[in-house]
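upload29.pdb (PDB, C-alpha atoms)
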```pdb
ATOM      1  CA  MET K 169     108.757  40.020  55.904
ATOM      2  CA  ASN K 170     107.237  39.007  59.231
ATOM      3  CA  SER K 171     104.634  40.928  61.180
ATOM      4  CA  VAL K 172     107.253  42.494  63.462
ATOM      5  CA  ASP K 173     109.074  44.055  60.489
ATOM      6  CA  SER K 174     105.929  45.829  59.289
ATOM      7  CA  SER K 175     104.996  47.019  62.773
ATOM      8  CA  PRO K 176     105.721  50.680  63.411
ATOM      9  CA  ALA K 177     106.121  50.038  67.172
ATOM     10  CA  TRP K 178     109.884  49.652  67.040
ATOM     11  CA  ARG K 179     110.291  52.804  64.955
ATOM     12  CA  ILE K 180     108.152  54.824  67.353
ATOM     13  CA  ALA K 181     110.036  53.355  70.321
ATOM     14  CA  LEU K 182     113.356  54.225  68.664
ATOM     15  CA  PHE K 183     112.232  57.812  68.064
ATOM     16  CA  ILE K 184     111.107  58.179  71.684
ATOM     17  CA  LEU K 185     114.345  56.551  72.865
ATOM     18  CA  VAL K 186     116.494  59.021  70.915
ATOM     19  CA  LEU K 187     114.425  62.005  72.046
ATOM     20  CA  SER K 188     114.315  61.020  75.723
ATOM     21  CA  SER K 189     118.014  60.103  75.725
ATOM     22  CA  THR K 190     118.821  63.558  74.422
ATOM     23  CA  PHE K 191     116.887  65.178  77.272
ATOM     24  CA  TRP K 192     118.329  62.717  79.787
ATOM     25  CA  LEU K 193     121.993  63.211  78.863
ATOM     26  CA  GLY K 194     121.496  66.946  78.342
ATOM     27  CA  GLY K 195     119.842  67.269  81.750
ATOM     28  CA  ALA K 196     122.631  65.280  83.350
ATOM     29  CA  HIS K 197     125.190  67.681  81.896
ATOM     30  CA  ALA K 198     123.155  70.700  82.997
ATOM     31  CA  ARG K 199     123.076  69.213  86.501
ATOM     32  CA  LEU K 200     126.876  68.825  86.429
ATOM     33  CA  LEU K 201     127.304  72.465  85.394
ATOM     34  CA  ILE K 202     125.077  73.589  88.252
ATOM     35  CA  ALA K 203     126.917  71.322  90.704
ATOM     36  CA  ASN K 204     130.216  72.791  89.531
ATOM     37  CA  GLN K 205     129.079  76.164  90.896
ATOM     38  CA  LEU K 206     128.605  74.688  94.372
ATOM     39  CA  LEU K 207     131.965  72.965  94.809
ATOM     40  CA  GLN K 208     135.575  74.048  94.822
ATOM     41  CA  GLY K 209     137.375  72.612  91.814
ATOM     42  CA  GLY K 210     138.460  68.992  92.184
ATOM     43  CA  THR K 211     137.078  68.594  95.712
ATOM     44  CA  LEU K 212     133.869  67.777  97.518
ATOM     45  CA  GLU K 213     134.097  71.008  99.530
ATOM     46  CA  PHE K 214     131.554  73.764  99.083
ATOM     47  CA  ASN K 215     132.561  77.181  97.808
ATOM     48  CA  THR K 216     132.765  79.587 100.720
ATOM     49  CA  TYR K 217     131.984  82.698  98.686
ATOM     50  CA  LEU K 218     128.363  81.670  97.937
ATOM     51  CA  ALA K 219     125.652  83.410  99.930
ATOM     52  CA  PRO K 220     123.142  81.007 101.546
ATOM     53  CA  GLU K 221     120.403  82.327  99.246
ATOM     54  CA  SER K 222     122.525  81.650  96.158
ATOM     55  CA  GLU K 223     123.360  78.178  97.390
ATOM     56  CA  ARG K 224     119.672  77.485  98.012
ATOM     57  CA  GLU K 225     118.816  78.612  94.484
ATOM     58  CA  LEU K 226     121.458  76.276  93.065
ATOM     59  CA  PHE K 227     119.925  73.397  95.034
ATOM     60  CA  ARG K 228     116.539  74.394  93.628
ATOM     61  CA  LEU K 229     117.953  74.298  90.087
ATOM     62  CA  LEU K 230     119.502  70.893  90.834
ATOM     63  CA  SER K 231     116.093  69.623  91.903
ATOM     64  CA  PHE K 232     114.435  70.837  88.711
ATOM     65  CA  SER K 233     117.145  69.371  86.496
ATOM     66  CA  SER K 234     117.020  66.105  88.453
ATOM     67  CA  LEU K 235     113.283  65.899  87.829
ATOM     68  CA  THR K 236     113.903  66.273  84.095
ATOM     69  CA  VAL K 237     116.648  63.635  84.196
ATOM     70  CA  ILE K 238     114.513  61.146  86.141
ATOM     71  CA  LEU K 239     111.524  61.485  83.808
ATOM     72  CA  SER K 240     113.586  61.274  80.638
ATOM     73  CA  TYR K 241     115.654  58.327  81.948
ATOM     74  CA  GLY K 242     112.464  56.438  82.777
ATOM     75  CA  THR K 243     111.113  57.164  79.316
ATOM     76  CA  ALA K 244     114.407  56.041  77.731
ATOM     77  CA  LEU K 245     114.379  52.837  79.777
ATOM     78  CA  ILE K 246     110.811  51.953  78.787
ATOM     79  CA  SER K 247     111.165  52.914  75.113
ATOM     80  CA  GLY K 248     114.516  51.114  74.890
ATOM     81  CA  THR K 249     112.941  47.946  76.230
ATOM     82  CA  ILE K 250     110.047  48.216  73.766
ATOM     83  CA  PHE K 251     112.500  48.853  70.926
ATOM     84  CA  LEU K 252     114.565  45.762  71.773
ATOM     85  CA  TRP K 253     111.426  43.652  72.062
ATOM     86  CA  ALA K 254     109.859  44.856  68.792
ATOM     87  CA  THR K 255     112.826  45.461  66.494
ATOM     88  CA  PRO K 256     113.487  43.154  63.561
ATOM     89  CA  LEU K 257     117.230  43.522  64.253
ATOM     90  CA  ARG K 258     118.632  40.403  65.914
ATOM     91  CA  PHE K 259     121.584  40.353  68.277
ATOM     92  CA  LYS K 260     123.266  37.558  66.320
ATOM     93  CA  GLU K 261     123.614  39.720  63.209
ATOM     94  CA  HIS K 262     123.951  43.069  65.019
ATOM     95  CA  GLY K 263     126.575  42.722  67.725
ATOM     96  CA  TRP K 264     126.648  46.488  68.222
ATOM     97  CA  LEU K 265     123.003  46.345  69.337
ATOM     98  CA  MET K 266     123.725  43.589  71.840
ATOM     99  CA  LEU K 267     126.696  45.483  73.270
ATOM    100  CA  SER K 268     124.622  48.666  73.448
ATOM    101  CA  ALA K 269     121.861  46.861  75.338
ATOM    102  CA  ILE K 270     124.364  45.353  77.770
ATOM    103  CA  LEU K 271     126.022  48.734  78.414
ATOM    104  CA  PHE K 272     122.643  50.375  78.981
ATOM    105  CA  TYR K 273     120.996  47.784  81.219
ATOM    106  CA  VAL K 274     124.054  46.937  83.347
ATOM    107  CA  PHE K 275     123.866  50.418  84.879
ATOM    108  CA  VAL K 276     120.156  50.360  85.733
ATOM    109  CA  PRO K 277     120.924  49.600  89.429
ATOM    110  CA  VAL K 278     123.365  52.533  89.544
ATOM    111  CA  GLU K 279     120.782  54.847  88.014
ATOM    112  CA  ALA K 280     118.085  53.529  90.376
ATOM    113  CA  PHE K 281     120.233  54.400  93.397
ATOM    114  CA  LEU K 282     120.959  57.877  92.011
ATOM    115  CA  ILE K 283     117.253  58.365  91.295
ATOM    116  CA  PHE K 284     116.553  57.475  94.930
ATOM    117  CA  LEU K 285     118.985  60.178  96.107
ATOM    118  CA  ASP K 286     117.672  62.696  93.578
ATOM    119  CA  GLY K 287     114.113  61.841  94.580
ATOM    120  CA  LYS K 288     114.912  62.717  98.185
ATOM    121  CA  MET K 289     116.294  66.076  97.068
ATOM    122  CA  ILE K 290     113.211  66.710  94.935
ATOM    123  CA  TYR K 291     110.957  65.756  97.865
ATOM    124  CA  TYR K 292     112.765  68.125 100.225
ATOM    125  CA  GLU K 293     112.639  70.910  97.646
ATOM    126  CA  PHE K 294     108.960  70.732  96.766
ATOM    127  CA  PHE K 295     107.298  69.305  99.876
ATOM    128  CA  THR K 296     109.293  70.566 102.869
ATOM    129  CA  THR K 297     111.017  73.704 104.096
ATOM    130  CA  GLU K 298     114.389  72.142 104.910
ATOM    131  CA  GLY K 299     117.486  74.304 105.096
ATOM    132  CA  ASN K 300     120.718  74.135 103.148
ATOM    133  CA  SER K 301     122.318  71.621 105.525
ATOM    134  CA  VAL K 302     119.956  68.823 104.414
ATOM    135  CA  PHE K 303     120.588  69.622 100.762
ATOM    136  CA  ARG K 304     124.334  69.730 101.358
ATOM    137  CA  GLU K 305     124.210  66.263 102.921
ATOM    138  CA  LEU K 306     122.204  64.811 100.044
ATOM    139  CA  PHE K 307     124.350  66.543  97.463
ATOM    140  CA  ILE K 308     127.613  65.208  98.909
ATOM    141  CA  ALA K 309     126.086  61.718  99.209
ATOM    142  CA  ARG K 310     125.116  61.847  95.545
ATOM    143  CA  MET K 311     128.438  63.230  94.332
ATOM    144  CA  GLY K 312     130.400  60.570  96.200
ATOM    145  CA  ALA K 313     127.946  57.763  95.465
ATOM    146  CA  LEU K 314     129.140  54.373  94.295
ATOM    147  CA  ALA K 315     132.827  55.283  93.963
ATOM    148  CA  GLY K 316     132.792  56.571  90.393
ATOM    149  CA  ALA K 317     130.252  54.159  88.895
ATOM    150  CA  PRO K 318     128.028  57.041  87.668
ATOM    151  CA  PHE K 319     130.979  58.492  85.735
ATOM    152  CA  ILE K 320     131.741  55.101  84.187
ATOM    153  CA  ALA K 321     128.051  54.779  83.304
ATOM    154  CA  THR K 322     128.162  58.130  81.511
ATOM    155  CA  LEU K 323     131.172  56.998  79.498
ATOM    156  CA  CYS K 324     129.279  53.820  78.563
ATOM    157  CA  TYR K 325     126.248  55.839  77.450
ATOM    158  CA  TYR K 326     128.455  57.811  75.075
ATOM    159  CA  THR K 327     129.973  54.553  73.858
ATOM    160  CA  ILE K 328     126.438  53.429  72.984
ATOM    161  CA  ILE K 329     126.052  56.494  70.766
ATOM    162  CA  GLY K 330     129.266  55.600  68.947
ATOM    163  CA  LEU K 331     128.149  51.986  68.574
ATOM    164  CA  ALA K 332     124.795  53.046  67.129
ATOM    165  CA  VAL K 333     126.432  55.428  64.658
ATOM    166  CA  PHE K 334     129.258  53.206  63.406
ATOM    167  CA  GLN K 335     127.587  49.795  63.991
ATOM    168  CA  PRO K 336     130.678  47.612  64.436
ATOM    169  CA  MET K 337     130.268  43.839  64.783
ATOM    170  CA  LYS K 338     127.539  43.836  62.145
ATOM    171  CA  LEU K 339     127.344  40.729  59.958
ATOM    172  CA  SER K 340     126.832  41.365  56.274
ATOM    173  CA  ALA K 341     123.868  39.748  54.551
ATOM    174  CA  ALA K 342     126.109  37.180  52.824
ATOM    175  CA  LYS K 343     127.805  36.107  56.050
ATOM    176  CA  SER K 344     124.534  35.812  57.974
ATOM    177  CA  HIS K 345     123.108  33.389  55.386
ATOM    178  CA  GLU K 346     126.230  31.193  55.435
ATOM    179  CA  GLY K 347     126.182  30.480  59.180
TER
END
```

Could you quickly redo this structure as structure tokens?
Amino acid sequence: MNSVDSSPAWRIALFILVLSSTFWLGGAHARLLIANQLLQGGTLEFNTYLAPESERELFRLLSFSSLTVILSYGTALISGTIFLWATPLRFKEHGWLMLSAILFYVFVPVEAFLIFLDGKMIYYEFFTTEGNSVFRELFIARMGALAGAPFIATLCYYTIIGLAVFQPMKLSAAKSHEG
């Protein structure tokens, strides 16, 4: 057993990763449910029946949920990196871990761009007195951002959960000693 195996750092990082990922994905779904109230089904057109005050409150809720998502995504990114650095599991024997890492880190630029857009909405919500038109612009920019890449990223994140649970592409102990 090497010193990395006995270190609790990877276990702590894994715990934080699971916890922050739960908040991150849960917050992302809460944000989608809130956004669904703003738009007409299947379009990027705003519902006409919403009063301006109701619409403003929905934008406020979007800002709060975006803040939760940003903080928990950042925590997941940092703890995931620490976990991969400190874990005794090696990619060669645990292909599921390598695939999970690839699926997670390939979408960091997509998430960074979305965080930039969400950050602008959070800034306007908490530090300015902008009207609904600014929030509408930002909201539509975010919903149409990157031609579906955020949706594909979400599907990949759920694939990571399946990979972690079922652990395909895992070499058995006998096979890893042969090669």

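In this comparison, which uses all atoms listed in the file, the residue of K:Gly330, K:Gly242, K:Gly312, K:Gly248 approaching Glu213 of chain K most closely is K:Gly312.
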
**Message:** When you look at Ile270 of chain K with a cut-off of 10 Å (counting only C-alpha atoms), what residues show up, excluding the ones that are within fewer than 6 positions of it in the same chain? I need them as number ranges by chain.
**Reply:** K: 264, 324, 328

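Among the candidates K:Met337, K:Leu226, K:Ile180, K:Leu239, the residue lying nearest to Trp192 of chain K is K:Leu239 (atoms considered: only C-alpha atoms).
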
**Asked** Between atom CA of Val237 of chain K and atom CA of Leu282 of chain K, what is the spacing in Å?
**Response**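 These atoms are spaced 10.6 Å apart.
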
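On the file presented, the PyMOL selection byres ((chain K and resi 285-288) around 10) picks out Leu230, Ser231, Ser233, Ser234, Leu235, Val237, Ile238, Glu279, Ala280, Phe281, Leu282, Ile283, Phe284, Met289, Ile290, Tyr291, Tyr292, Glu293, Phe303, Leu306, Phe307, Ala309, Arg310 and Ala313 of chain K.
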
**Point-to-point distance from atom CA of Ala254 of chain K to atom CA of Leu182 of chain K, Å rounded to tenths** =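 Between atom CA of Ala254 of chain K and atom CA of Leu182 of chain K the gap works out to 10.0 Å.
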